[in-house]
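Notes for the one structure printed next.
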Amino acid sequence: MAQTEYIIEISLENKPAARDPVAETIKRDLLAKKGYDKVSKVRSGQYLRINLLAESEENAKEIVTKMCNDLRIFNPVTQNLNIISVKKL
Amino acid sequence: MTIKIAVIQFPGANCDLDAVHVLNDVIGVETSLVWHNHFKEANFDGVVLPGGFSFGDYLRAGIIAAHSPALDEARIMLKDGRPIIGICNGFQILVEAEFLPGALLQNETLRFVCKWVNIKVINNRTAFTHKMNKDDVLAIPIAHGEGRYYTDNLKELEENDQIVFKYSTEDGIFTSEANPNGSLENIAGICNIEQTCLGLMPHPERASESILSPKQTIHGRIFFESMIEFIKRRLT
């Protein structure tokens, strides 16, 4: 089957149970202090954009999910993997 | 019978030579610095994963080194009960390689912390602590940015006696002030269920000579003396 290049964006987000002092500091010491008091929650994480060849969008998602699980790209104890978007190049 | 220890050198390690020095020159055991791609477990009785910033801490501290062939070799040692210690970045590598459970997160203060701390011995039956007494308080320095221990299964750690050290005051009291990074339950070091693999954030190799210690203590030496004694017993 012909392969097409896809761009997949993923985020690695901290799970709610583990404290996230980076996000807490952004919310408390920057946003709230500068008057953005309507912000109720911030969570920090990491962002990766991956280009890869796949047979379909579904296949591209499968490859990235397997890769992230097998290689512990995210730490399953403290982080969740979130696929933000899959687009054809 | 010659005991041989390996200290694994990853790109970005910076406490590797300190560990080699202490084992070779202070403890007096034959110790080699081994590049991570060249490490072969069959030549060694024990292994040290030293501190530093392996692979620049990219993605997450320890994760890239956890996929090094050295860890496949070390896994064989883990299975047959040869002692393995991961110090600081070495601890992060052991966690990421799943030799030990949990995760090491960014310090709660968001700051790199470098100072002498006190840790209390919770489990003195491991390969690295059997020459200590339970409840001893040791003075050992720390130097890390990602040392906040976290696990979603604390109960299991406690039941299996895997918590080896906790940060405490000099008098052995567990307070939040004595906890330098926000670790769950003040945890400073843990081991595997078999008690042969230890990971800890404090640096025993920096606390093994009195000239380096503010109070002339040499508590770090006991880790390595315990390790060598454990290997001797294992081999006889």
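Ordering of the structure tokens sets the chain letters (A, B, ...); residue numbers start at 1 within each chain; ligands are numbered from 1 in the order shown.
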When the cut-off is 9 Å and we count only C-alpha atoms, which residues of chain B are near chain A, given as a VMD selection string? chain B and resid 59 to 60 63 67 96 101 to 103 105 to 110 150 to 152
Based on the selection just made, write N, CA and C atoms of those residues as a PDB file, in the first residue's frame.
ATOM      1  N   LEU B  59      14.524  14.759  26.690  1.00  0.00           N
ATOM      2  CA  LEU B  59      13.209  14.137  26.843  1.00  0.00           C
ATOM      3  C   LEU B  59      12.838  14.034  28.318  1.00  0.00           C
ATOM      4  N   ARG B  60      13.587  13.240  29.095  1.00  0.00           N
ATOM      5  CA  ARG B  60      13.399  13.128  30.545  1.00  0.00           C
ATOM      6  C   ARG B  60      14.700  12.588  31.102  1.00  0.00           C
ATOM      7  N   ILE B  63      16.050   8.746  30.535  1.00  0.00           N
ATOM      8  CA  ILE B  63      15.281   7.891  29.614  1.00  0.00           C
ATOM      9  C   ILE B  63      16.127   7.405  28.428  1.00  0.00           C
ATOM     10  N   HIS B  67      17.794   3.125  27.524  1.00  0.00           N
ATOM     11  CA  HIS B  67      17.746   2.291  26.314  1.00  0.00           C
ATOM     12  C   HIS B  67      19.138   1.896  25.817  1.00  0.00           C
ATOM     13  N   GLU B  96      13.754   4.730  34.894  1.00  0.00           N
ATOM     14  CA  GLU B  96      13.293   4.753  33.504  1.00  0.00           C
ATOM     15  C   GLU B  96      13.478   3.388  32.827  1.00  0.00           C
ATOM     16  N   PRO B 101      10.629   0.892  40.624  1.00  0.00           N
ATOM     17  CA  PRO B 101       9.331   1.497  40.288  1.00  0.00           C
ATOM     18  C   PRO B 101       9.292   3.007  40.529  1.00  0.00           C
ATOM     19  N   GLY B 102       8.309   3.663  39.916  1.00  0.00           N
ATOM     20  CA  GLY B 102       8.063   5.076  40.196  1.00  0.00           C
ATOM     21  C   GLY B 102       8.655   6.006  39.171  1.00  0.00           C
ATOM     22  N   ALA B 103       8.832   7.273  39.578  1.00  0.00           N
ATOM     23  CA  ALA B 103       9.358   8.297  38.673  1.00  0.00           C
ATOM     24  C   ALA B 103      10.055   9.368  39.497  1.00  0.00           C
ATOM     25  N   LEU B 105      10.549  13.340  39.427  1.00  0.00           N
ATOM     26  CA  LEU B 105      10.006  14.546  38.800  1.00  0.00           C
ATOM     27  C   LEU B 105      10.828  15.760  39.205  1.00  0.00           C
ATOM     28  N   GLN B 106      10.553  16.849  38.491  1.00  0.00           N
ATOM     29  CA  GLN B 106      11.243  18.099  38.787  1.00  0.00           C
ATOM     30  C   GLN B 106      10.992  18.494  40.251  1.00  0.00           C
ATOM     31  N   ASN B 107      12.040  19.001  40.898  1.00  0.00           N
ATOM     32  CA  ASN B 107      11.917  19.419  42.297  1.00  0.00           C
ATOM     33  C   ASN B 107      10.727  20.360  42.469  1.00  0.00           C
ATOM     34  N   GLU B 108      10.067  20.224  43.596  1.00  0.00           N
ATOM     35  CA  GLU B 108       8.890  21.050  43.844  1.00  0.00           C
ATOM     36  C   GLU B 108       9.227  22.542  43.798  1.00  0.00           C
ATOM     37  N   THR B 109      10.421  22.908  44.225  1.00  0.00           N
ATOM     38  CA  THR B 109      10.833  24.327  44.231  1.00  0.00           C
ATOM     39  C   THR B 109      11.185  24.825  42.834  1.00  0.00           C
ATOM     40  N   LEU B 110      11.277  23.917  41.863  1.00  0.00           N
ATOM     41  CA  LEU B 110      11.717  24.211  40.490  1.00  0.00           C
ATOM     42  C   LEU B 110      13.183  24.619  40.441  1.00  0.00           C
ATOM     43  N   TYR B 150       8.192   9.956  43.037  1.00  0.00           N
ATOM     44  CA  TYR B 150       6.743   9.784  42.996  1.00  0.00           C
ATOM     45  C   TYR B 150       6.419   8.348  42.601  1.00  0.00           C
ATOM     46  N   THR B 151       5.433   7.788  43.254  1.00  0.00           N
ATOM     47  CA  THR B 151       4.915   6.496  42.814  1.00  0.00           C
ATOM     48  C   THR B 151       3.408   6.502  43.009  1.00  0.00           C
ATOM     49  N   ASP B 152       2.709   5.763  42.163  1.00  0.00           N
ATOM     50  CA  ASP B 152       1.267   5.643  42.360  1.00  0.00           C
ATOM     51  C   ASP B 152       0.956   4.373  43.146  1.00  0.00           C
TER      52      ASP B 152
END
Env of Asn59 in chain A: 12 Å cut, atoms = only C-alpha atoms, seq-sep filter 3 positions within chain, self excluded. Answer as a list in words. Met1, Gln3, Thr4, Glu5, Tyr6, Ile8, Leu52, Leu53, Ala54, Glu55, Ser56, Glu62, Ile63, Val64, Thr65, Lys66 and Val86 of chain A
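Using only C-alpha atoms, the shortest contact distance between Arg49 in chain A and any of A:Lys15, A:Ile10, A:Lys34, A:Ala2 is found at A:Ile10.
Of the residues listed (A:Leu12, A:Val42, A:Leu89, A:Ile83), A:Val42 shows the shortest atom-to-atom separation from Glu24 in chain A; distances use only C-alpha atoms.
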Leaving out His36 in chain B and any residue of its chain fewer than 2 positions from it, which residues lie within 9 Å of it when counting only C-alpha atoms, given as JSON, numbers by chain? {"B": [8, 9, 10, 11, 34, 38, 39, 65, 68, 69, 70, 71]}
Taking only range 10-220 of chain B into account, list the residues labelled alpha helix (DSSP H) by DSSP (computed from the backbone), as an MDAnalysis selection string. chainID B and resid 16:21 63:66 69:79 89:96 154:159 220
Which residues come within 12 Å of range 210-226 of chain B, counting only C-alpha atoms, excluding same-chain residues fewer than 6 positions away, as number ranges by chain? B: 5, 18-29, 31, 46-48, 83-87, 115-121, 124-133, 136-142, 164, 196, 198-200, 202-204, 232-233
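Of the residues in range 169-214 of chain B, those given strand (DSSP E) by DSSP on the backbone are Ile187, Ala188, Gly189, Ile190, Cys191, Cys197, Leu198, Gly199 and Leu200 of chain B.
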Save out the residues we just selected, N, CA and C atoms, as a PDB file, in the first residue's frame.
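Dumped everything to selection10.pdb:
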ATOM      1  N   ILE B 187      10.900  10.272  50.529  1.00  0.00           N
ATOM      2  CA  ILE B 187      11.713   9.153  50.030  1.00  0.00           C
ATOM      3  C   ILE B 187      12.977   9.654  49.305  1.00  0.00           C
ATOM      4  N   ALA B 188      14.135   9.136  49.736  1.00  0.00           N
ATOM      5  CA  ALA B 188      15.420   9.521  49.131  1.00  0.00           C
ATOM      6  C   ALA B 188      16.029   8.379  48.327  1.00  0.00           C
ATOM      7  N   GLY B 189      15.643   7.134  48.652  1.00  0.00           N
ATOM      8  CA  GLY B 189      16.217   5.993  47.941  1.00  0.00           C
ATOM      9  C   GLY B 189      15.340   4.761  48.105  1.00  0.00           C
ATOM     10  N   ILE B 190      15.292   3.968  47.046  1.00  0.00           N
ATOM     11  CA  ILE B 190      14.488   2.740  47.076  1.00  0.00           C
ATOM     12  C   ILE B 190      15.287   1.580  46.471  1.00  0.00           C
ATOM     13  N   CYS B 191      14.798   0.358  46.707  1.00  0.00           N
ATOM     14  CA  CYS B 191      15.480  -0.816  46.130  1.00  0.00           C
ATOM     15  C   CYS B 191      14.462  -1.720  45.455  1.00  0.00           C
ATOM     16  N   CYS B 197      19.364  -4.080  44.207  1.00  0.00           N
ATOM     17  CA  CYS B 197      19.516  -2.916  43.335  1.00  0.00           C
ATOM     18  C   CYS B 197      19.000  -1.693  44.087  1.00  0.00           C
ATOM     19  N   LEU B 198      19.892  -0.722  44.278  1.00  0.00           N
ATOM     20  CA  LEU B 198      19.532   0.481  45.038  1.00  0.00           C
ATOM     21  C   LEU B 198      19.612   1.703  44.141  1.00  0.00           C
ATOM     22  N   GLY B 199      18.628   2.566  44.233  1.00  0.00           N
ATOM     23  CA  GLY B 199      18.678   3.869  43.571  1.00  0.00           C
ATOM     24  C   GLY B 199      18.463   4.949  44.609  1.00  0.00           C
ATOM     25  N   LEU B 200      19.297   5.989  44.562  1.00  0.00           N
ATOM     26  CA  LEU B 200      19.107   7.091  45.512  1.00  0.00           C
ATOM     27  C   LEU B 200      19.595   8.399  44.907  1.00  0.00           C
TER      28      LEU B 200
END
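Taking CA of Gly51 in chain B as the reference point, CA of Ala13 in chain B is found at 6.0 Å.
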Could you give me, as a short mmCIF file (atom, residue, chain, number, x, y, z; two decimals) with C-alpha atoms, in the first residue's frame, the residues within 10 Å of Asp57 in chain B, counting only C-alpha atoms and dropping anything in the same chain fewer than 5 positions from it?
data_model
loop_
_atom_site.label_atom_id
_atom_site.label_comp_id
_atom_site.auth_asym_id
_atom_site.auth_seq_id
_atom_site.Cartn_x
_atom_site.Cartn_y
_atom_site.Cartn_z
CA GLY B 12 27.08 13.60 29.95
CA GLY B 52 25.49 13.46 35.85
CA GLY B 62 17.63 9.05 32.38
CA ILE B 63 15.28 7.89 29.61
CA ILE B 64 17.80 7.80 26.74
CA ALA B 65 20.44 6.03 28.85
CA ASN B 89 21.14 10.41 37.40
CA GLN B 92 16.75 8.21 37.26
CA GLU B 146 14.74 16.24 39.15
#
